[in-house]
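Colleague: Handing over query06.txt, compact mmCIF, C-alpha atoms.
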```
# COMPACT_ATOMS: atom_id res chain seq x y z
CA MET I 1 -50.06 -21.04 35.58
CA VAL I 2 -51.92 -23.07 38.20
CA PHE I 3 -53.62 -26.35 37.33
CA THR I 4 -56.96 -26.99 39.03
CA LEU I 5 -59.68 -29.44 38.15
CA SER I 6 -62.74 -27.36 38.93
CA LYS I 7 -66.00 -28.46 37.35
CA GLY I 8 -67.17 -25.04 36.17
CA GLY I 9 -63.83 -24.08 34.60
CA LYS I 10 -62.16 -25.16 31.40
CA GLY I 11 -61.48 -28.79 30.64
CA PHE I 12 -58.16 -30.44 31.37
CA LEU I 13 -57.23 -30.60 27.71
CA SER I 14 -57.82 -26.95 27.06
CA LYS I 15 -55.74 -26.11 30.14
CA ILE I 16 -52.90 -28.08 28.62
CA LYS I 17 -53.42 -26.27 25.36
CA ASP I 18 -53.20 -22.90 27.14
CA ALA I 19 -50.07 -23.95 28.95
CA LEU I 20 -48.51 -25.11 25.72
CA SER I 21 -49.32 -21.91 23.92
CA GLU I 22 -47.83 -19.92 26.80
CA ALA I 23 -44.71 -22.03 26.53
CA VAL I 24 -44.52 -21.58 22.78
CA TYR I 25 -45.04 -17.86 23.20
CA GLY I 26 -42.27 -17.73 25.76
CA ILE I 27 -39.80 -19.66 23.67
CA ALA I 28 -40.55 -18.32 20.21
CA LEU I 29 -42.34 -14.99 20.44
CA HIS I 30 -41.49 -13.24 23.64
CA GLY I 31 -38.30 -11.77 22.26
CA GLN I 32 -40.15 -10.51 19.22
CA VAL I 33 -42.98 -9.01 21.20
CA SER I 34 -40.65 -7.13 23.52
CA ALA I 35 -38.65 -5.88 20.54
CA ILE I 36 -41.87 -4.63 18.98
CA LYS I 37 -42.90 -3.02 22.24
CA ARG I 38 -39.58 -1.27 22.48
CA MET I 39 -39.94 0.06 18.96
CA LYS I 40 -43.44 1.11 19.71
CA MET I 41 -42.18 2.97 22.75
CA TYR I 42 -39.66 4.85 20.63
CA THR I 43 -42.22 5.89 18.04
CA GLU I 44 -44.45 6.93 20.90
CA TYR I 45 -41.67 9.10 22.31
CA LEU I 46 -40.99 10.58 18.90
CA PHE I 47 -44.65 11.38 18.57
CA MET I 48 -44.66 13.12 21.92
CA LEU I 49 -41.60 15.10 20.97
CA MET I 50 -43.43 16.35 17.91
CA THR I 51 -46.62 17.26 19.72
CA VAL I 52 -45.84 18.23 23.29
CA GLY I 53 -42.18 19.01 22.64
CA ASP I 54 -42.68 22.36 24.35
CA MET I 55 -42.45 20.44 27.62
CA LEU I 56 -38.78 20.07 26.80
CA GLY I 57 -38.49 23.51 25.24
CA ILE I 58 -39.22 22.55 21.62
CA PRO I 59 -42.43 24.36 20.70
CA LEU I 60 -44.14 23.29 17.51
CA VAL I 61 -47.89 22.97 17.73
CA PRO I 62 -49.53 25.88 19.60
CA PRO I 63 -50.14 24.77 23.20
CA TYR I 64 -53.80 25.66 22.85
CA TYR I 65 -54.12 22.66 20.57
CA THR I 66 -51.62 20.28 22.15
CA LEU I 67 -53.71 20.39 25.31
CA ARG I 68 -56.31 18.39 23.41
CA LEU I 69 -53.81 15.55 22.96
CA LEU I 70 -52.49 15.71 26.50
CA PRO I 71 -55.03 13.37 28.11
CA TYR I 72 -53.92 10.49 25.87
CA MET I 73 -50.30 10.91 26.81
CA VAL I 74 -50.68 11.05 30.55
CA PRO I 75 -49.32 7.54 31.26
CA ASN I 76 -46.18 8.14 29.18
CA ILE I 77 -45.16 11.64 30.15
CA LYS I 78 -43.03 10.87 33.17
CA SER I 79 -40.95 8.10 31.59
CA TRP I 80 -40.69 10.07 28.35
CA LYS I 81 -39.32 13.19 30.02
CA LEU I 82 -36.84 11.13 32.00
CA ARG I 83 -35.63 9.29 28.95
CA MET I 84 -35.38 12.32 26.68
CA LEU I 85 -33.49 14.26 29.27
CA ARG I 86 -31.28 11.38 30.34
CA GLU I 87 -30.04 10.92 26.84
CA ARG I 88 -28.93 14.51 26.71
CA ASP I 89 -27.69 15.62 30.06
CA VAL I 90 -27.41 13.91 33.42
CA THR I 91 -27.92 17.15 35.29
CA ASP I 92 -31.36 17.55 33.75
CA ILE I 93 -32.56 14.62 35.79
CA ILE I 94 -31.34 16.18 39.00
CA THR I 95 -32.81 19.59 38.26
CA GLY I 96 -35.87 18.48 36.34
CA MET O 1 -52.75 46.53 -6.14
CA LYS O 2 -55.52 48.56 -7.73
CA VAL O 3 -56.11 52.00 -6.30
CA LEU O 4 -59.72 52.58 -5.33
CA SER O 5 -61.58 54.85 -7.72
CA LYS O 6 -62.94 56.83 -4.77
CA THR O 7 -62.40 56.83 -1.03
CA GLY O 8 -64.72 54.61 0.99
CA PHE O 9 -65.49 51.00 1.81
CA LYS O 10 -68.23 51.07 -0.79
CA TYR O 11 -65.52 51.13 -3.44
CA LEU O 12 -63.53 48.42 -1.73
CA PHE O 13 -66.58 46.14 -1.73
CA ASP O 14 -67.20 47.03 -5.37
CA GLU O 15 -63.69 46.04 -6.25
CA MET O 16 -63.69 42.88 -4.15
CA PRO O 17 -66.97 41.11 -4.96
CA ASP O 18 -66.05 38.09 -2.80
CA LEU O 19 -65.15 40.16 0.23
CA ARG O 20 -66.84 38.69 3.30
CA ILE O 21 -64.38 39.24 6.11
CA VAL O 22 -62.89 42.54 7.19
CA ILE O 23 -60.23 42.44 9.89
CA PHE O 24 -59.28 45.67 11.61
CA ALA O 25 -55.77 45.34 12.92
CA GLY O 26 -53.20 47.49 14.63
CA LYS O 27 -52.51 49.16 17.92
CA GLY O 28 -55.10 49.94 20.52
CA GLY O 29 -56.66 53.37 20.91
CA LEU O 30 -56.61 54.47 17.29
CA GLY O 31 -60.17 53.57 16.44
CA LYS O 32 -60.18 49.87 15.56
CA THR O 33 -63.23 49.04 17.61
CA THR O 34 -65.10 52.16 16.49
CA SER O 35 -64.36 51.34 12.86
CA SER O 36 -65.47 47.72 13.30
CA ALA O 37 -68.72 48.72 14.94
CA SER O 38 -69.44 51.48 12.41
CA LEU O 39 -68.73 49.41 9.32
CA SER O 40 -70.81 46.56 10.75
CA TYR O 41 -73.68 48.92 11.38
CA LYS O 42 -73.47 50.39 7.91
CA LEU O 43 -73.50 46.95 6.26
CA SER O 44 -76.46 45.91 8.39
CA THR O 45 -78.45 48.93 7.23
CA LEU O 46 -77.85 47.74 3.66
CA GLY O 47 -79.81 44.61 4.54
CA LYS O 48 -76.88 42.29 5.15
CA ARG O 49 -76.55 39.99 8.16
CA VAL O 50 -73.40 41.13 9.92
CA LEU O 51 -71.41 39.80 12.84
CA CYS O 52 -69.16 42.26 14.62
CA PHE O 53 -66.60 40.31 16.60
CA SER O 54 -64.34 41.67 19.28
CA THR O 55 -62.06 40.15 21.87
CA ASP O 56 -61.07 43.30 23.65
CA PRO O 57 -60.82 42.49 27.37
CA GLN O 58 -61.80 46.11 28.02
CA ALA O 59 -65.14 45.41 26.40
CA SER O 60 -65.03 48.43 24.07
CA LEU O 61 -68.00 47.23 22.01
CA SER O 62 -70.06 47.23 25.18
CA ASP O 63 -69.04 50.89 25.63
CA ILE O 64 -69.88 51.85 22.08
CA PHE O 65 -73.26 50.14 22.02
CA GLU O 66 -73.90 51.15 25.62
CA ARG O 67 -74.89 47.63 26.58
CA ASN O 68 -73.10 44.90 28.48
CA LEU O 69 -72.16 42.41 25.77
CA PHE O 70 -68.93 41.00 27.21
CA GLY O 71 -68.89 37.21 27.27
CA LYS O 72 -72.62 37.07 26.50
CA GLY O 73 -72.51 35.36 23.10
CA GLU O 74 -73.97 36.67 19.84
CA ILE O 75 -76.44 39.47 20.57
CA GLU O 76 -78.65 41.24 18.05
CA ILE O 77 -78.21 44.99 18.52
CA THR O 78 -80.44 46.21 15.72
CA ARG O 79 -81.94 44.43 12.76
CA ASN O 80 -79.25 42.30 11.07
CA LEU O 81 -76.47 43.59 13.32
CA TYR O 82 -75.06 40.99 15.69
CA VAL O 83 -72.28 41.59 18.13
CA LEU O 84 -70.02 39.01 19.72
CA GLU O 85 -67.61 40.18 22.36
CA ILE O 86 -65.85 37.07 23.58
CA ASP O 87 -64.32 36.66 27.00
CA ALA O 88 -61.14 34.86 25.96
CA ASP O 89 -59.88 34.37 29.51
CA LYS O 90 -63.10 32.64 30.46
CA LYS O 91 -62.96 30.54 27.31
CA ILE O 92 -59.41 29.41 28.11
CA HIS O 93 -60.35 28.65 31.69
CA GLU O 94 -63.30 26.50 30.64
CA TYR O 95 -61.26 24.74 27.98
CA VAL O 96 -58.45 23.87 30.38
CA GLU O 97 -60.95 22.70 32.97
CA SER O 98 -62.48 20.36 30.40
CA ILE O 99 -59.02 18.91 29.69
CA ARG O 100 -58.44 18.34 33.40
CA ARG O 101 -61.81 16.68 33.75
CA LYS O 102 -61.11 14.45 30.78
CA ILE O 103 -57.82 13.27 32.28
CA LYS O 104 -59.49 12.51 35.59
CA ASP O 105 -62.31 10.61 33.91
CA MET O 106 -60.05 8.66 31.58
CA TYR O 107 -57.76 7.38 34.28
CA LYS O 108 -60.24 7.41 37.16
CA ILE O 109 -58.00 9.59 39.28
CA ASP O 110 -58.83 12.42 41.68
CA GLU O 111 -55.68 14.39 41.16
CA ILE O 112 -53.74 15.25 38.00
CA PRO O 113 -50.16 13.92 38.12
CA ARG O 114 -47.62 16.62 38.98
CA GLU O 115 -45.78 16.61 35.64
CA VAL O 116 -49.03 16.85 33.71
CA GLU O 117 -50.36 19.67 35.87
CA ASP O 118 -47.05 21.49 35.42
CA TYR O 119 -47.49 21.33 31.68
CA ILE O 120 -51.07 22.55 31.79
CA GLU O 121 -50.10 25.50 33.98
CA SER O 122 -47.21 26.54 31.78
CA ALA O 123 -49.39 26.24 28.68
CA VAL O 124 -52.03 28.51 30.21
CA ALA O 125 -49.39 31.10 31.16
CA GLU O 126 -48.15 31.21 27.56
CA PRO O 127 -49.09 34.60 26.00
CA ALA O 128 -49.90 32.92 22.68
CA MET O 129 -52.66 31.02 24.49
CA TYR O 130 -54.90 34.07 24.50
CA GLU O 131 -54.41 34.71 20.82
CA SER O 132 -54.91 31.06 19.91
CA ALA O 133 -58.20 31.05 21.78
CA VAL O 134 -59.30 34.17 19.91
CA TYR O 135 -58.30 32.77 16.51
CA ASP O 136 -60.06 29.53 17.34
CA ALA O 137 -63.24 31.46 18.06
CA MET O 138 -62.83 33.33 14.75
CA VAL O 139 -62.59 30.05 12.87
CA ASP O 140 -65.70 28.87 14.70
CA VAL O 141 -67.97 31.75 13.76
CA VAL O 142 -66.84 31.86 10.14
CA ALA O 143 -67.17 28.07 9.79
CA GLU O 144 -70.76 28.26 11.04
CA GLY O 145 -71.44 30.60 8.13
CA ARG O 146 -74.56 32.23 9.52
CA TYR O 147 -73.68 35.75 8.41
CA ASP O 148 -73.12 37.62 5.17
CA TYR O 149 -70.24 39.63 6.59
CA TYR O 150 -67.80 39.18 9.44
CA ILE O 151 -66.08 42.23 10.84
CA PHE O 152 -63.26 41.41 13.25
CA ASP O 153 -61.74 43.75 15.74
CA MET O 154 -58.40 42.00 16.10
CA PRO O 155 -56.38 42.07 19.30
CA PRO O 156 -52.93 43.69 18.99
CA PHE O 157 -50.57 41.09 17.56
CA GLY O 158 -48.19 39.07 19.63
CA HIS O 159 -46.60 35.74 19.02
CA GLY O 160 -49.76 33.94 18.07
CA ILE O 161 -50.02 35.37 14.58
CA ARG O 162 -46.85 33.47 13.79
CA MET O 163 -49.15 30.49 13.59
CA VAL O 164 -50.00 31.72 10.08
CA ALA O 165 -46.43 31.51 8.90
CA MET O 166 -46.19 28.17 10.66
CA ALA O 167 -49.39 26.74 9.24
CA ASP O 168 -47.69 25.20 6.25
CA ILE O 169 -44.80 23.76 8.20
CA LEU O 170 -47.19 22.65 10.90
CA SER O 171 -49.39 20.88 8.44
CA ARG O 172 -46.43 18.98 7.04
CA TRP O 173 -45.25 18.16 10.53
CA ILE O 174 -48.64 16.85 11.39
CA ASP O 175 -48.46 14.58 8.35
CA LYS O 176 -45.22 13.22 9.79
CA ILE O 177 -46.86 12.89 13.17
CA PHE O 178 -49.63 10.87 11.55
CA GLU O 179 -47.06 8.56 10.08
CA ALA O 180 -45.28 8.10 13.39
CA ARG O 181 -48.63 7.51 15.00
CA ARG O 182 -49.67 4.94 12.42
CA GLU O 183 -46.38 3.16 12.82
CA ALA O 184 -46.80 3.08 16.56
CA LEU O 185 -50.31 1.76 16.09
CA GLU O 186 -49.18 -1.00 13.73
CA LEU O 187 -46.50 -2.09 16.15
CA GLU O 188 -48.99 -2.03 18.96
CA ALA O 189 -51.38 -4.15 16.92
CA ALA O 190 -48.62 -6.60 16.00
CA ALA O 191 -47.60 -7.01 19.63
CA ALA O 192 -51.20 -7.38 20.69
CA ARG O 193 -51.84 -10.06 18.04
CA LEU O 194 -48.83 -12.06 19.13
CA LYS O 195 -49.91 -11.89 22.73
CA GLY O 196 -53.59 -12.34 21.96
CA GLU O 197 -54.49 -9.03 23.67
CA LYS O 198 -56.88 -6.26 22.77
CA LEU O 199 -55.82 -2.76 21.72
CA LEU O 200 -56.61 0.26 23.82
CA GLU O 201 -59.48 2.22 22.37
CA TYR O 202 -57.79 5.57 23.01
CA GLU O 203 -55.52 5.27 19.99
CA ASP O 204 -58.22 6.04 17.49
CA GLN O 205 -59.50 9.03 19.40
CA MET O 206 -56.03 10.48 19.52
CA MET O 207 -55.71 10.35 15.73
CA LYS O 208 -59.06 12.07 15.46
CA GLU O 209 -57.90 14.83 17.78
CA LEU O 210 -54.78 15.27 15.73
CA GLU O 211 -56.79 15.56 12.55
CA TYR O 212 -59.01 18.12 14.24
CA VAL O 213 -55.98 20.19 15.30
CA ARG O 214 -54.58 20.21 11.79
CA ASP O 215 -57.94 21.19 10.39
CA ARG O 216 -58.25 24.13 12.77
CA ILE O 217 -54.79 25.48 12.08
CA LEU O 218 -55.26 25.20 8.33
CA SER O 219 -58.73 26.78 8.49
CA PHE O 220 -57.37 29.78 10.33
CA SER O 221 -54.50 30.14 7.92
CA ARG O 222 -56.86 29.92 4.94
CA LEU O 223 -59.26 32.36 6.54
CA ILE O 224 -56.71 35.10 6.94
CA SER O 225 -54.60 34.54 3.88
CA ASP O 226 -57.44 34.39 1.35
CA ASP O 227 -57.09 37.86 -0.14
CA LYS O 228 -60.26 37.59 -2.22
CA ARG O 229 -62.51 36.88 0.73
CA THR O 230 -60.63 38.66 3.51
CA ALA O 231 -59.31 42.20 3.81
CA PHE O 232 -56.89 43.31 6.50
CA ILE O 233 -57.32 46.96 7.33
CA MET O 234 -55.11 49.06 9.61
CA VAL O 235 -56.42 52.11 11.37
CA LEU O 236 -54.05 55.01 11.84
CA ILE O 237 -54.16 58.67 12.83
CA PRO O 238 -52.14 61.61 11.44
CA GLU O 239 -49.33 61.33 13.98
CA ARG O 240 -45.70 60.31 13.69
CA MET O 241 -45.83 57.16 15.86
CA ALA O 242 -48.93 55.82 14.18
CA ILE O 243 -47.37 56.25 10.75
CA LEU O 244 -44.20 54.41 11.78
CA ASP O 245 -46.18 51.62 13.45
CA THR O 246 -48.31 51.15 10.36
CA GLU O 247 -45.23 50.87 8.21
CA LYS O 248 -43.77 48.25 10.56
CA ALA O 249 -47.01 46.30 10.57
CA ILE O 250 -47.17 46.27 6.77
CA GLU O 251 -43.61 44.93 6.77
CA MET O 252 -44.48 42.23 9.30
CA PHE O 253 -47.50 41.22 7.24
CA LYS O 254 -45.34 40.82 4.20
CA GLU O 255 -42.96 38.59 6.10
CA LEU O 256 -45.86 36.40 7.13
CA GLY O 257 -47.00 36.15 3.55
CA LEU O 258 -50.12 38.18 4.27
CA ARG O 259 -51.35 41.29 2.52
CA MET O 260 -52.50 44.47 4.13
CA ARG O 261 -55.37 45.54 1.93
CA GLY O 262 -55.64 49.07 3.20
CA VAL O 263 -55.60 51.74 5.84
CA VAL O 264 -58.30 53.86 7.42
CA ILE O 265 -57.20 57.31 8.53
CA ASN O 266 -58.98 58.37 11.68
CA GLN O 267 -59.21 61.73 13.47
CA VAL O 268 -58.68 63.94 10.44
CA TYR O 269 -59.79 67.56 10.96
CA PRO O 270 -62.10 68.57 8.11
CA PRO O 271 -60.05 71.04 6.06
CA TRP O 272 -63.04 73.23 5.13
CA LEU O 273 -63.00 74.47 8.72
CA LEU O 274 -59.97 76.54 7.66
CA ASP O 275 -62.21 78.66 5.45
CA ASP O 276 -65.00 78.89 8.01
CA PRO O 277 -64.91 82.32 9.68
CA ARG O 278 -66.71 80.89 12.72
CA ALA O 279 -63.94 78.32 13.41
CA PRO O 280 -61.70 79.44 16.29
CA ASP O 281 -57.96 79.97 15.72
CA TYR O 282 -57.19 77.14 18.10
CA LEU O 283 -58.94 74.70 15.81
CA LYS O 284 -57.29 76.12 12.71
CA LYS O 285 -53.92 75.62 14.39
CA ARG O 286 -54.73 71.96 15.01
CA ILE O 287 -55.60 71.52 11.35
CA VAL O 288 -52.30 73.05 10.28
CA THR O 289 -50.41 70.81 12.74
CA GLN O 290 -51.85 67.74 11.05
CA LYS O 291 -50.74 68.92 7.63
CA PRO O 292 -47.24 67.37 7.43
CA TYR O 293 -48.52 64.04 8.71
CA ILE O 294 -51.35 64.00 6.22
CA ARG O 295 -48.83 64.68 3.51
CA GLU O 296 -46.65 61.85 4.78
CA ILE O 297 -49.56 59.44 4.90
CA VAL O 298 -50.57 60.33 1.34
CA GLU O 299 -46.99 59.87 0.16
CA ARG O 300 -46.40 56.56 1.90
CA PHE O 301 -49.78 54.84 1.77
CA ARG O 302 -51.49 56.45 -1.20
CA ASP O 303 -52.48 53.13 -2.78
CA LEU O 304 -53.76 51.79 0.50
CA ILE O 305 -56.11 54.51 1.66
CA VAL O 306 -59.56 52.96 1.93
CA ALA O 307 -61.43 55.48 4.03
CA VAL O 308 -61.10 58.62 6.12
CA ILE O 309 -62.94 59.37 9.37
CA PRO O 310 -63.25 63.04 10.28
CA MET O 311 -62.41 64.15 13.82
CA GLN O 312 -65.45 63.85 16.06
CA SER O 313 -66.61 66.58 18.37
CA ARG O 314 -67.46 63.98 20.99
CA GLU O 315 -66.79 60.40 22.01
CA PRO O 316 -68.22 57.92 19.48
CA LYS O 317 -70.91 56.30 21.58
CA GLY O 318 -74.35 55.01 20.75
CA LEU O 319 -75.97 54.18 17.45
CA GLU O 320 -76.18 57.82 16.34
CA ALA O 321 -72.40 58.28 16.34
CA ILE O 322 -71.85 54.83 14.86
CA LYS O 323 -74.21 55.68 12.04
CA PHE O 324 -72.34 58.89 11.23
CA ILE O 325 -68.92 57.18 11.22
CA GLY O 326 -70.33 54.28 9.25
CA ASP O 327 -71.46 56.67 6.51
CA GLU O 328 -68.03 58.30 6.45
CA LEU O 329 -66.34 54.90 6.20
CA TRP O 330 -68.67 53.86 3.42
CA ASN O 331 -68.22 56.97 1.29
CA SER O 332 -65.73 59.36 2.80
CA SER O 333 -66.44 63.08 2.59
CA ILE O 334 -62.72 63.67 3.00
CA ASP O 335 -61.51 61.79 -0.07
CA ILE O 336 -58.05 61.39 -1.49
CA SER O 337 -58.13 64.68 -3.43
CA VAL O 338 -59.13 66.58 -0.28
CA LEU O 339 -56.30 64.86 1.58
CA GLU O 340 -53.83 65.74 -1.13
CA ALA O 341 -54.90 69.35 -1.09
CA LEU O 342 -54.75 69.38 2.69
CA GLY O 343 -51.28 67.90 2.81
CA GLY O 344 -49.97 70.17 0.09
CA ARG O 345 -51.48 73.41 1.25
```
Write the structure described by the file as structure tokens, please.

Modeller:
Amino acid sequence: MVFTLSKGGKGFLSKIKDALSEAVYGIALHGQVSAIKRMKMYTEYLFMLMTVGDMLGIPLVPPYYTLRLLPYMVPNIKSWKLRMLRERDVTDIITG
Amino acid sequence: MKVLSKTGFKYLFDEMPDLRIVIFAGKGGLGKTTSSASLSYKLSTLGKRVLCFSTDPQASLSDIFERNLFGKGEIEITRNLYVLEIDADKKIHEYVESIRRKIKDMYKIDEIPREVEDYIESAVAEPAMYESAVYDAMVDVVAEGRYDYYIFDMPPFGHGIRMVAMADILSRWIDKIFEARREALELEAAAARLKGEKLLEYEDQMMKELEYVRDRILSFSRLISDDKRTAFIMVLIPERMAILDTEKAIEMFKELGLRMRGVVINQVYPPWLLDDPRAPDYLKKRIVTQKPYIREIVERFRDLIVAVIPMQSREPKGLEAIKFIGDELWNSSIDISVLEALGGR
């Protein structure tokens, strides 16, 4: 956080308030938030396993329909495949 | 299952007052498309609005009606008779393109990431893809509900029909998926609240898509397993292979929890030709050759025989031929007693 005293920006007091809340967040909540994010990531991965599991050889929903969900998963696919495969077999990472 | 009082679709419709959908199933080349077209035509002449639906990539309906109908949408052939011959490959291609476009638009990218493209390509290569697209189109036309009757000329079965057996399990899985999704969403919201951030708007749309998928799969399953509204009919001919295949198909249907309502026997030589002095010996020989197979069909499928189509002297093309076969399907001149006599003689 950078402190500047520009006229158009926020007042000095509110800057201090922001800084304080950042500090409080860092001390008290950051651990919680990252724990939540990790859990969220796992449920996300579970969800992907259930829907586009055929990517890993576990077909469940016909691919004609999973394609509809694909766009929403794009950002997660790469890390998901890596993780799912890593937890099973190291060679999968090399070959896949 | 009740045996029909007489042979013909007329009696099937009498017995099944809620019957709206007839699905002709089985191997290619035995008369599925001809039967679909003929029954559709017959129903249309009775003043009902009928849709005859085919997915045959060889465009057989176009041949029968002597018009190019392939991939052209619903076309009115005669009064009340509409024909839809869908181009499933084109449908799949367009669908996949729309998915690609959506990904590019959503993430403002020019090229689909490798791992995503890999998935799309392998999904398209999947043989079940073709069937799923066809079934999806079936659900579409029936859901629109613009016709009194729907006559489907089903593609030969592959893996896709398994979707029926899976529908129940799938639906339960999707419930679980919903739960997982909701949990993920709650966590996301909790994290966002703590950090004072906003949630991505995609989440909601994804749940909607999921609901849509479940709805489609259940609709298809309901459509084909409702044995009051839908009748599965197999077409067979008096030949060894066809008889064995029909038996196997009936077995497979049972395993899927579906019911084969009946069979249509095609290419039966009219037995009265035997007593016709003008009929050549060659023809009489053919009739006698069919005898054991007719007997076998009567023995094995007696309760299932819905209609009999006599052997045609020429290729069934054009409305004239369709009209003749339609009449035979409706009220067969070769009925069960004639068949019995023929098989036993």

Colleague: Within 8 Å of (-69.2, 54.4, 2.2) in the file's own coordinates, which protein, DNA or RNA residues have an atom, counting all atoms listed in the file? List them as number ranges by chain.

Modeller: O: 7-11, 326-332

Colleague: Smallest atom-to-atom distance to chain O: which of I:Ala28, I:Leu20, I:Leu67, I:Leu82, using all atoms listed in the file?

Modeller: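 For chain O, the nearest of the candidates is I:Leu67.
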
Colleague: At most 7 Å is the cut-off: for each residue in chain O with any atom that close to an atom of chain I, write down the nearest atom pair and the distance in Å rounded to one decimal, counting all atoms listed in the file, chain first then increasing number, as CSV.

Modeller:
```
residue,atom,partner,partner_atom,distance
O:Ile99,CA,I:Arg68,CA,6.9
O:Lys102,CA,I:Pro71,CA,6.7
O:Ile103,CA,I:Pro71,CA,5.0
O:Glu115,CA,I:Lys78,CA,6.8
O:Val116,CA,I:Val74,CA,6.8
O:Tyr119,CA,I:Met55,CA,6.5
O:Ala123,CA,I:Pro63,CA,5.7
O:Met129,CA,I:Tyr64,CA,5.7
O:Ser132,CA,I:Tyr64,CA,6.2
O:Leu170,CA,I:Val61,CA,6.9
O:Ile177,CA,I:Phe47,CA,6.0
O:Ala180,CA,I:Thr43,CA,6.0
O:Arg181,CA,I:Phe47,CA,6.6
O:Ala184,CA,I:Lys40,CA,5.0
O:Leu187,CA,I:Lys40,CA,5.7
O:Glu188,CA,I:Lys40,CA,6.4
O:Ala191,CA,I:Val33,CA,5.3
O:Leu194,CA,I:Val33,CA,6.9
O:Tyr202,CA,I:Tyr72,CA,6.9
O:Met206,CA,I:Leu69,CA,6.5
O:Glu209,CA,I:Leu69,CA,6.6
O:Val213,CA,I:Tyr65,CA,6.1
```

Colleague: Quick one: write out the picked residues with C-alpha atoms as a PDB file, in the frame of the given file?

Modeller:
```
ATOM      1  CA  ILE O  99     -59.020  18.910  29.690  1.00  0.00           C
ATOM      2  CA  LYS O 102     -61.110  14.450  30.780  1.00  0.00           C
ATOM      3  CA  ILE O 103     -57.820  13.270  32.280  1.00  0.00           C
ATOM      4  CA  GLU O 115     -45.780  16.610  35.640  1.00  0.00           C
ATOM      5  CA  VAL O 116     -49.030  16.850  33.710  1.00  0.00           C
ATOM      6  CA  TYR O 119     -47.490  21.330  31.680  1.00  0.00           C
ATOM      7  CA  ALA O 123     -49.390  26.240  28.680  1.00  0.00           C
ATOM      8  CA  MET O 129     -52.660  31.020  24.490  1.00  0.00           C
ATOM      9  CA  SER O 132     -54.910  31.060  19.910  1.00  0.00           C
ATOM     10  CA  LEU O 170     -47.190  22.650  10.900  1.00  0.00           C
ATOM     11  CA  ILE O 177     -46.860  12.890  13.170  1.00  0.00           C
ATOM     12  CA  ALA O 180     -45.280   8.100  13.390  1.00  0.00           C
ATOM     13  CA  ARG O 181     -48.630   7.510  15.000  1.00  0.00           C
ATOM     14  CA  ALA O 184     -46.800   3.080  16.560  1.00  0.00           C
ATOM     15  CA  LEU O 187     -46.500  -2.090  16.150  1.00  0.00           C
ATOM     16  CA  GLU O 188     -48.990  -2.030  18.960  1.00  0.00           C
ATOM     17  CA  ALA O 191     -47.600  -7.010  19.630  1.00  0.00           C
ATOM     18  CA  LEU O 194     -48.830 -12.060  19.130  1.00  0.00           C
ATOM     19  CA  TYR O 202     -57.790   5.570  23.010  1.00  0.00           C
ATOM     20  CA  MET O 206     -56.030  10.480  19.520  1.00  0.00           C
ATOM     21  CA  GLU O 209     -57.900  14.830  17.780  1.00  0.00           C
ATOM     22  CA  VAL O 213     -55.980  20.190  15.300  1.00  0.00           C
TER      23      VAL O 213
END
```

Colleague: Between CA of Pro310 (chain O) and CA of Tyr293 (chain O), what is the distance in Å, rounded to a tenth?

Modeller: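 Calculated distance between CA of Pro310 (chain O) and CA of Tyr293 (chain O) is 14.8 Å.
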
Colleague: Quick check, in Å to one decimal: how far apart do CA of Lys285 (chain O) and CA of Phe301 (chain O) lie?

Modeller: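 Between CA of Lys285 (chain O) and CA of Phe301 (chain O) the gap is 24.7 Å.
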
Colleague: In Å, with one decimal, what is the gap from CA of Arg278 (chain O) to CA of Ile325 (chain O)?

Modeller: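 Rounded to one decimal, the two atoms are 23.9 Å apart.
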
Colleague: Excluding same-chain residues fewer than 5 positions from Tyr149 (chain O), what lies within 7 Å of it counting only C-alpha atoms, as a list in words?

Modeller: Arg20, Ile21, Arg49, Val50 and Leu51 of chain O

Colleague: Could you write out that same residue set with C-alpha atoms as a PDB file, in the frame of the given file?

Modeller:
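In the end it all went to part-v1.pdb:
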```pdb
ATOM      1  CA  ARG O  20     -66.840  38.690   3.300  1.00  0.00           C
ATOM      2  CA  ILE O  21     -64.380  39.240   6.110  1.00  0.00           C
ATOM      3  CA  ARG O  49     -76.550  39.990   8.160  1.00  0.00           C
ATOM      4  CA  VAL O  50     -73.400  41.130   9.920  1.00  0.00           C
ATOM      5  CA  LEU O  51     -71.410  39.800  12.840  1.00  0.00           C
TER       6      LEU O  51
END
```

Colleague: Box along x, y and z, 8 Å on every side, all listed atoms of region 54-73 of chain I inside: centre and edge lengths in Å to one decimal, as JSON.

Modeller:
```
{"center_x": -47.4, "center_y": 18.2, "center_z": 22.8, "size_x": 33.8, "size_y": 31.4, "size_z": 26.6}
```

Colleague: Please determine, counting all atoms listed in the file, which residue among O:Ser122, O:Ser40, O:Thr33, O:Asn266 has the shortest atom-to-atom distance to Ile334 (chain O).

Modeller: O:Asn266

Colleague: With a distance cut-off of 12 Å and only C-alpha atoms, select the neighbouring residues of Thr289 (chain O), excluding the residue or stretch itself and same-chain residues fewer than 4 positions from it, and output the selection as a list in words.

Modeller: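 Close residues of Thr289 (chain O): Pro238, Glu239, Arg240, Val268, Tyr269, Pro271, Tyr282, Leu283, Lys284, Lys285, Tyr293, Ile294, Arg295, Leu342, Gly343 and Arg345 of chain O.
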
Colleague: Just want the 12 Å neighbourhood of Ser5 (chain O), counted on all atoms listed in the file, with same-chain residues fewer than 4 positions away dropped. Output as a ChimeraX atom specification.

Modeller: /O:9-15,303-307,331,335-337
